[in-house]
Amino acid sequence: MLEQTGGSNTDLIYIAGDDRSGSTLLDMMLAGHSQITSLGEAHQLRAFVTGNKDFYPSIHELVCFCGQSLDECSFWKKVAENIDRPLDSLELKPFYLRQDHSNIFSKLLKKLLWVSLQAHPGIYDSRMVDQLLDGPKIAQDSFSLYDAVARVTGSRYVLDSSKSPLRLRSLIHEAPERIKLVNLFRDPRGVVYSKSKRGIAIRKAARHWQQKTKQMLHYSHALPPQNVLQVHYESLCLNTETEIRRICDFLDLTFEPTTLKRNIDNVHHLGGSPSKHAGTETPISLDESYKENLTPSQVSTILRITGKEAAASGYII
């Protein structure tokens, strides 16, 4: 998998979605396809290169999925050599999403931009706004990374499960024809309950799901319809082979049975859920524990906040 090839200008599979929606599961399954190389949450690359948790407050060790630091991992060393610049020089996040030690004014500006884009995703449709937010550099550095990975691996597709719809918008401005977008949705009750177990308030988690879904649905329209696929976590778990075959058809790839399980061999994945360590033999099963653990009042609150976007994304609750 690591031989140098002459390929470039690979196509990108981008998984967009909210946290706790199953993106790591889908990512690790697709990583088993011979024509797909998964990077995981590529936008966290700088944190993993530097080992600085200020950039990525995570319970994970900031190492490649193979267990090595990025300066020891043969895959990432070859990518760095191919791209011919330090990996931590790549700017893969909009500045309002970066964790740094900004002054008070900068922090307030970031907060204002964040709130505005959450409420009104159409703001980012403007090329001028994209340029003000470093969009062209983010997109160019991202595609430089994807193309370097393609040259190293010979893969037809590079998979980025960064999830952020806002980052996706910058990529669409740069090269819409190269993007295959998978919008991954999960029932808001399941997402909110999963987040609540990690200390996030019900209302806050529900609003975040609503905002992310609104962005996903909006930015999808900036791509040709044939370049967008809607996938539901529930269907992926209950009808795994049917859904994976549908995704392969969308990507114009031949179905390979290796994509029906979590893959751990030759995977150099960054970030993601701890579920990626579950192993290949762990059954893929639907988690609906929210049904027994959310109170009727909590369910009512979630549905009141998410109702419009839930219906638009295929959940008639």
# chains A, B, ... in the order shown; residues from 1 in each chain; ligands from 1
>>> residues_around(residues="range 219-231 of chain A", least_positions_apart="6", cutoff="9 Å", atoms="only C-alpha atoms", output="PyMOL selection string")
chain A and resi 121-122+125+165-166+168-169+172-173+176-186+243+247+250-251+313
>>> closest_atom_pairs(of="range 179-232 of chain A", to="range 286-290 of chain A", cutoff="7 Å", atoms="only C-alpha atoms", output="Markdown table")
| residue | atom | partner | partner_atom | distance |
| --- | --- | --- | --- | --- |
| A:Arg189 | CA | A:Tyr290 | CA | 6.6 |
| A:Gly190 | CA | A:Tyr290 | CA | 5.6 |
| A:Tyr193 | CA | A:Tyr290 | CA | 5.7 |
>>> closest_residue(among="A:Leu159, A:Leu171, A:Ala16, A:Met29", to="Tyr146 in chain A", atoms="only C-alpha atoms")
A:Leu159
>>> closest_residue(among="A:Val115, A:Val152, A:Leu92, A:Leu132", to="Ser74 in chain A", atoms="only C-alpha atoms")
A:Val152
>>> atom_distance(atom1="CA of Pro94 in chain A", atom2="CA of Val63 in chain A")
22.8 Å
>>> closest_residue(among="A:Ser170, A:Thr153, A:Ser161, A:Asn263", to="Leu39 in chain A", atoms="only C-alpha atoms")
A:Ser161
>>> select_by_dssp(residues="range 31-218 of chain A", states="alpha helix (DSSP H)", output="PyMOL selection string")
chain A and resi 45-50+74-83+104-119+127-132+135-153+165-174+188-196+202-218
>>> residues_around(residues="range 43-53 of chain A", least_positions_apart="4", cutoff="7 Å", atoms="only C-alpha atoms", output="PyMOL selection string")
chain A and resi 57-58+62-63+70+87-88+92-93+162
>>> write_last_selection(atoms="all heavy atoms", output="JSON list (two decimals), in the first residue's frame")
[["chain", "number", "residue", "atom", "x", "y", "z"],
["A", 57, "PRO", "N", -8.49, 18.87, 22.16],
["A", 57, "PRO", "CA", -8.71, 18.33, 23.51],
["A", 57, "PRO", "C", -9.40, 16.98, 23.40],
["A", 57, "PRO", "O", -10.58, 16.89, 23.11],
["A", 57, "PRO", "CB", -9.63, 19.37, 24.16],
["A", 57, "PRO", "CG", -9.69, 20.53, 23.23],
["A", 57, "PRO", "CD", -9.31, 20.04, 21.88],
["A", 58, "SER", "N", -8.65, 15.92, 23.60],
["A", 58, "SER", "CA", -9.17, 14.59, 23.31],
["A", 58, "SER", "C", -8.69, 13.60, 24.37],
["A", 58, "SER", "O", -7.63, 13.77, 24.97],
["A", 58, "SER", "CB", -8.69, 14.14, 21.93],
["A", 58, "SER", "OG", -8.94, 12.77, 21.73],
["A", 62, "LEU", "N", -2.40, 11.19, 21.02],
["A", 62, "LEU", "CA", -2.31, 11.81, 19.70],
["A", 62, "LEU", "C", -1.28, 11.04, 18.86],
["A", 62, "LEU", "O", -0.19, 11.54, 18.55],
["A", 62, "LEU", "CB", -1.95, 13.29, 19.84],
["A", 62, "LEU", "CG", -3.02, 14.12, 20.56],
["A", 62, "LEU", "CD1", -2.62, 15.58, 20.61],
["A", 62, "LEU", "CD2", -4.39, 13.96, 19.89],
["A", 63, "VAL", "N", -1.68, 9.82, 18.51],
["A", 63, "VAL", "CA", -0.85, 8.96, 17.67],
["A", 63, "VAL", "C", -1.71, 8.41, 16.54],
["A", 63, "VAL", "O", -2.94, 8.41, 16.61],
["A", 63, "VAL", "CB", -0.24, 7.80, 18.47],
["A", 63, "VAL", "CG1", 0.72, 8.32, 19.54],
["A", 63, "VAL", "CG2", -1.32, 6.94, 19.10],
["A", 70, "LEU", "N", 3.27, 10.35, 14.48],
["A", 70, "LEU", "CA", 3.28, 10.59, 13.04],
["A", 70, "LEU", "C", 4.69, 10.70, 12.48],
["A", 70, "LEU", "O", 4.91, 10.43, 11.30],
["A", 70, "LEU", "CB", 2.46, 11.83, 12.70],
["A", 70, "LEU", "CG", 0.98, 11.52, 12.36],
["A", 70, "LEU", "CD1", 0.27, 10.90, 13.53],
["A", 70, "LEU", "CD2", 0.26, 12.75, 11.88],
["A", 87, "LEU", "N", 4.15, 18.67, 7.75],
["A", 87, "LEU", "CA", 2.71, 18.44, 7.82],
["A", 87, "LEU", "C", 2.00, 19.46, 8.70],
["A", 87, "LEU", "O", 0.85, 19.83, 8.45],
["A", 87, "LEU", "CB", 2.42, 17.03, 8.34],
["A", 87, "LEU", "CG", 2.82, 15.88, 7.40],
["A", 87, "LEU", "CD1", 2.53, 14.54, 8.06],
["A", 87, "LEU", "CD2", 2.09, 15.98, 6.07],
["A", 88, "ASP", "N", 2.69, 19.96, 9.74],
["A", 88, "ASP", "CA", 2.03, 20.93, 10.61],
["A", 88, "ASP", "C", 1.98, 22.32, 10.01],
["A", 88, "ASP", "O", 1.44, 23.25, 10.61],
["A", 88, "ASP", "CB", 2.66, 20.95, 12.00],
["A", 88, "ASP", "CG", 4.12, 21.34, 11.99],
["A", 88, "ASP", "OD1", 4.72, 21.41, 10.89],
["A", 88, "ASP", "OD2", 4.68, 21.56, 13.08],
["A", 92, "LEU", "N", -5.62, 23.38, 7.85],
["A", 92, "LEU", "CA", -6.77, 22.55, 7.51],
["A", 92, "LEU", "C", -8.04, 22.95, 8.25],
["A", 92, "LEU", "O", -9.08, 22.33, 8.05],
["A", 92, "LEU", "CB", -6.45, 21.07, 7.80],
["A", 92, "LEU", "CG", -5.18, 20.54, 7.12],
["A", 92, "LEU", "CD1", -4.94, 19.08, 7.52],
["A", 92, "LEU", "CD2", -5.26, 20.67, 5.60],
["A", 93, "LYS", "N", -7.96, 23.99, 9.09],
["A", 93, "LYS", "CA", -9.13, 24.44, 9.85],
["A", 93, "LYS", "C", -9.35, 25.94, 9.65],
["A", 93, "LYS", "O", -8.39, 26.71, 9.65],
["A", 93, "LYS", "CB", -8.92, 24.21, 11.35],
["A", 93, "LYS", "CG", -9.14, 22.82, 11.85],
["A", 93, "LYS", "CD", -9.06, 22.83, 13.38],
["A", 93, "LYS", "CE", -9.37, 21.48, 13.97],
["A", 93, "LYS", "NZ", -9.35, 21.55, 15.45],
["A", 162, "SER", "N", -13.72, 14.30, 8.69],
["A", 162, "SER", "CA", -13.65, 15.44, 9.60],
["A", 162, "SER", "C", -15.02, 15.91, 10.07],
["A", 162, "SER", "O", -15.15, 16.58, 11.09],
["A", 162, "SER", "CB", -12.91, 16.61, 8.94],
["A", 162, "SER", "OG", -11.55, 16.32, 8.76]]
>>> select_by_dssp(residues="range 19-77 of chain A", states="strand (DSSP E or B)", output="PyMOL selection string")
chain A and resi 36-38+40
>>> write_last_selection(atoms="all heavy atoms", output="tab-separated table (two decimals), in the first residue's frame")
chain	number	residue	atom	x	y	z
A	36	ILE	N	-9.77	2.77	-1.44
A	36	ILE	CA	-10.02	3.88	-0.53
A	36	ILE	C	-8.94	3.91	0.55
A	36	ILE	O	-8.64	2.89	1.17
A	36	ILE	CB	-11.39	3.76	0.16
A	36	ILE	CG1	-12.53	3.81	-0.88
A	36	ILE	CG2	-11.59	4.88	1.19
A	36	ILE	CD1	-13.92	3.56	-0.30
A	37	THR	N	-8.34	5.08	0.77
A	37	THR	CA	-7.45	5.28	1.90
A	37	THR	C	-8.10	6.26	2.86
A	37	THR	O	-8.43	7.39	2.48
A	37	THR	CB	-6.09	5.85	1.45
A	37	THR	OG1	-5.43	4.88	0.63
A	37	THR	CG2	-5.21	6.16	2.65
A	38	SER	N	-8.30	5.83	4.09
A	38	SER	CA	-8.94	6.67	5.10
A	38	SER	C	-7.89	7.44	5.90
A	38	SER	O	-6.89	6.89	6.33
A	38	SER	CB	-9.76	5.81	6.06
A	38	SER	OG	-10.10	6.55	7.21
A	40	GLY	N	-9.24	9.44	8.48
A	40	GLY	CA	-9.94	9.82	9.70
A	40	GLY	C	-10.24	11.31	9.69
A	40	GLY	O	-10.57	11.89	8.66
>>> closest_residue(among="A:Cys73, A:Ala148, A:Met216, A:Leu133", to="Ile15 in chain A", atoms="only C-alpha atoms")
A:Met216
>>> atom_distance(atom1="CA of Leu260 in chain A", atom2="CA of Gln215 in chain A")
29.3 Å
>>> closest_residue(among="A:Arg151, A:His268, A:Lys308, A:Arg246", to="Trp209 in chain A", atoms="only C-alpha atoms")
A:Lys308
>>> closest_residue(among="A:Ala311, A:Asp187, A:Ala139, A:Ile317", to="Tyr233 in chain A", atoms="only C-alpha atoms")
A:Asp187
>>> atom_distance(atom1="CA of Leu270 in chain A", atom2="CA of Leu109 in chain A")
28.9 Å
>>> residues_around(residues="Ser196 in chain A", least_positions_apart="4", cutoff="12 Å", atoms="only C-alpha atoms", output="PyMOL selection string")
chain A and resi 19-20+188-192+200-206+290+293-294+298+302
>>> write_last_selection(atoms="C-alpha atoms", output="PDB file, in the first residue's frame")
ATOM      1  CA  ASP A  19     -20.516  14.038  16.550  1.00  0.00           C
ATOM      2  CA  ARG A  20     -21.749  10.663  17.828  1.00  0.00           C
ATOM      3  CA  PRO A 188     -31.339  13.261  17.070  1.00  0.00           C
ATOM      4  CA  ARG A 189     -32.528  11.436  20.177  1.00  0.00           C
ATOM      5  CA  GLY A 190     -29.659   8.962  19.872  1.00  0.00           C
ATOM      6  CA  VAL A 191     -27.073  11.669  19.248  1.00  0.00           C
ATOM      7  CA  VAL A 192     -28.292  13.861  22.086  1.00  0.00           C
ATOM      8  CA  ILE A 200     -23.326  17.928  27.452  1.00  0.00           C
ATOM      9  CA  ALA A 201     -26.703  19.456  28.345  1.00  0.00           C
ATOM     10  CA  ILE A 202     -29.735  18.127  26.459  1.00  0.00           C
ATOM     11  CA  ARG A 203     -30.718  21.505  24.979  1.00  0.00           C
ATOM     12  CA  LYS A 204     -27.177  22.329  23.896  1.00  0.00           C
ATOM     13  CA  ALA A 205     -26.710  18.928  22.235  1.00  0.00           C
ATOM     14  CA  ALA A 206     -30.063  19.222  20.459  1.00  0.00           C
ATOM     15  CA  TYR A 290     -31.859   6.403  24.342  1.00  0.00           C
ATOM     16  CA  ASN A 293     -32.933   6.351  29.207  1.00  0.00           C
ATOM     17  CA  LEU A 294     -34.461   9.605  27.949  1.00  0.00           C
ATOM     18  CA  GLN A 298     -36.330  15.259  27.403  1.00  0.00           C
ATOM     19  CA  ILE A 302     -35.186  17.358  21.630  1.00  0.00           C
TER      20      ILE A 302
END
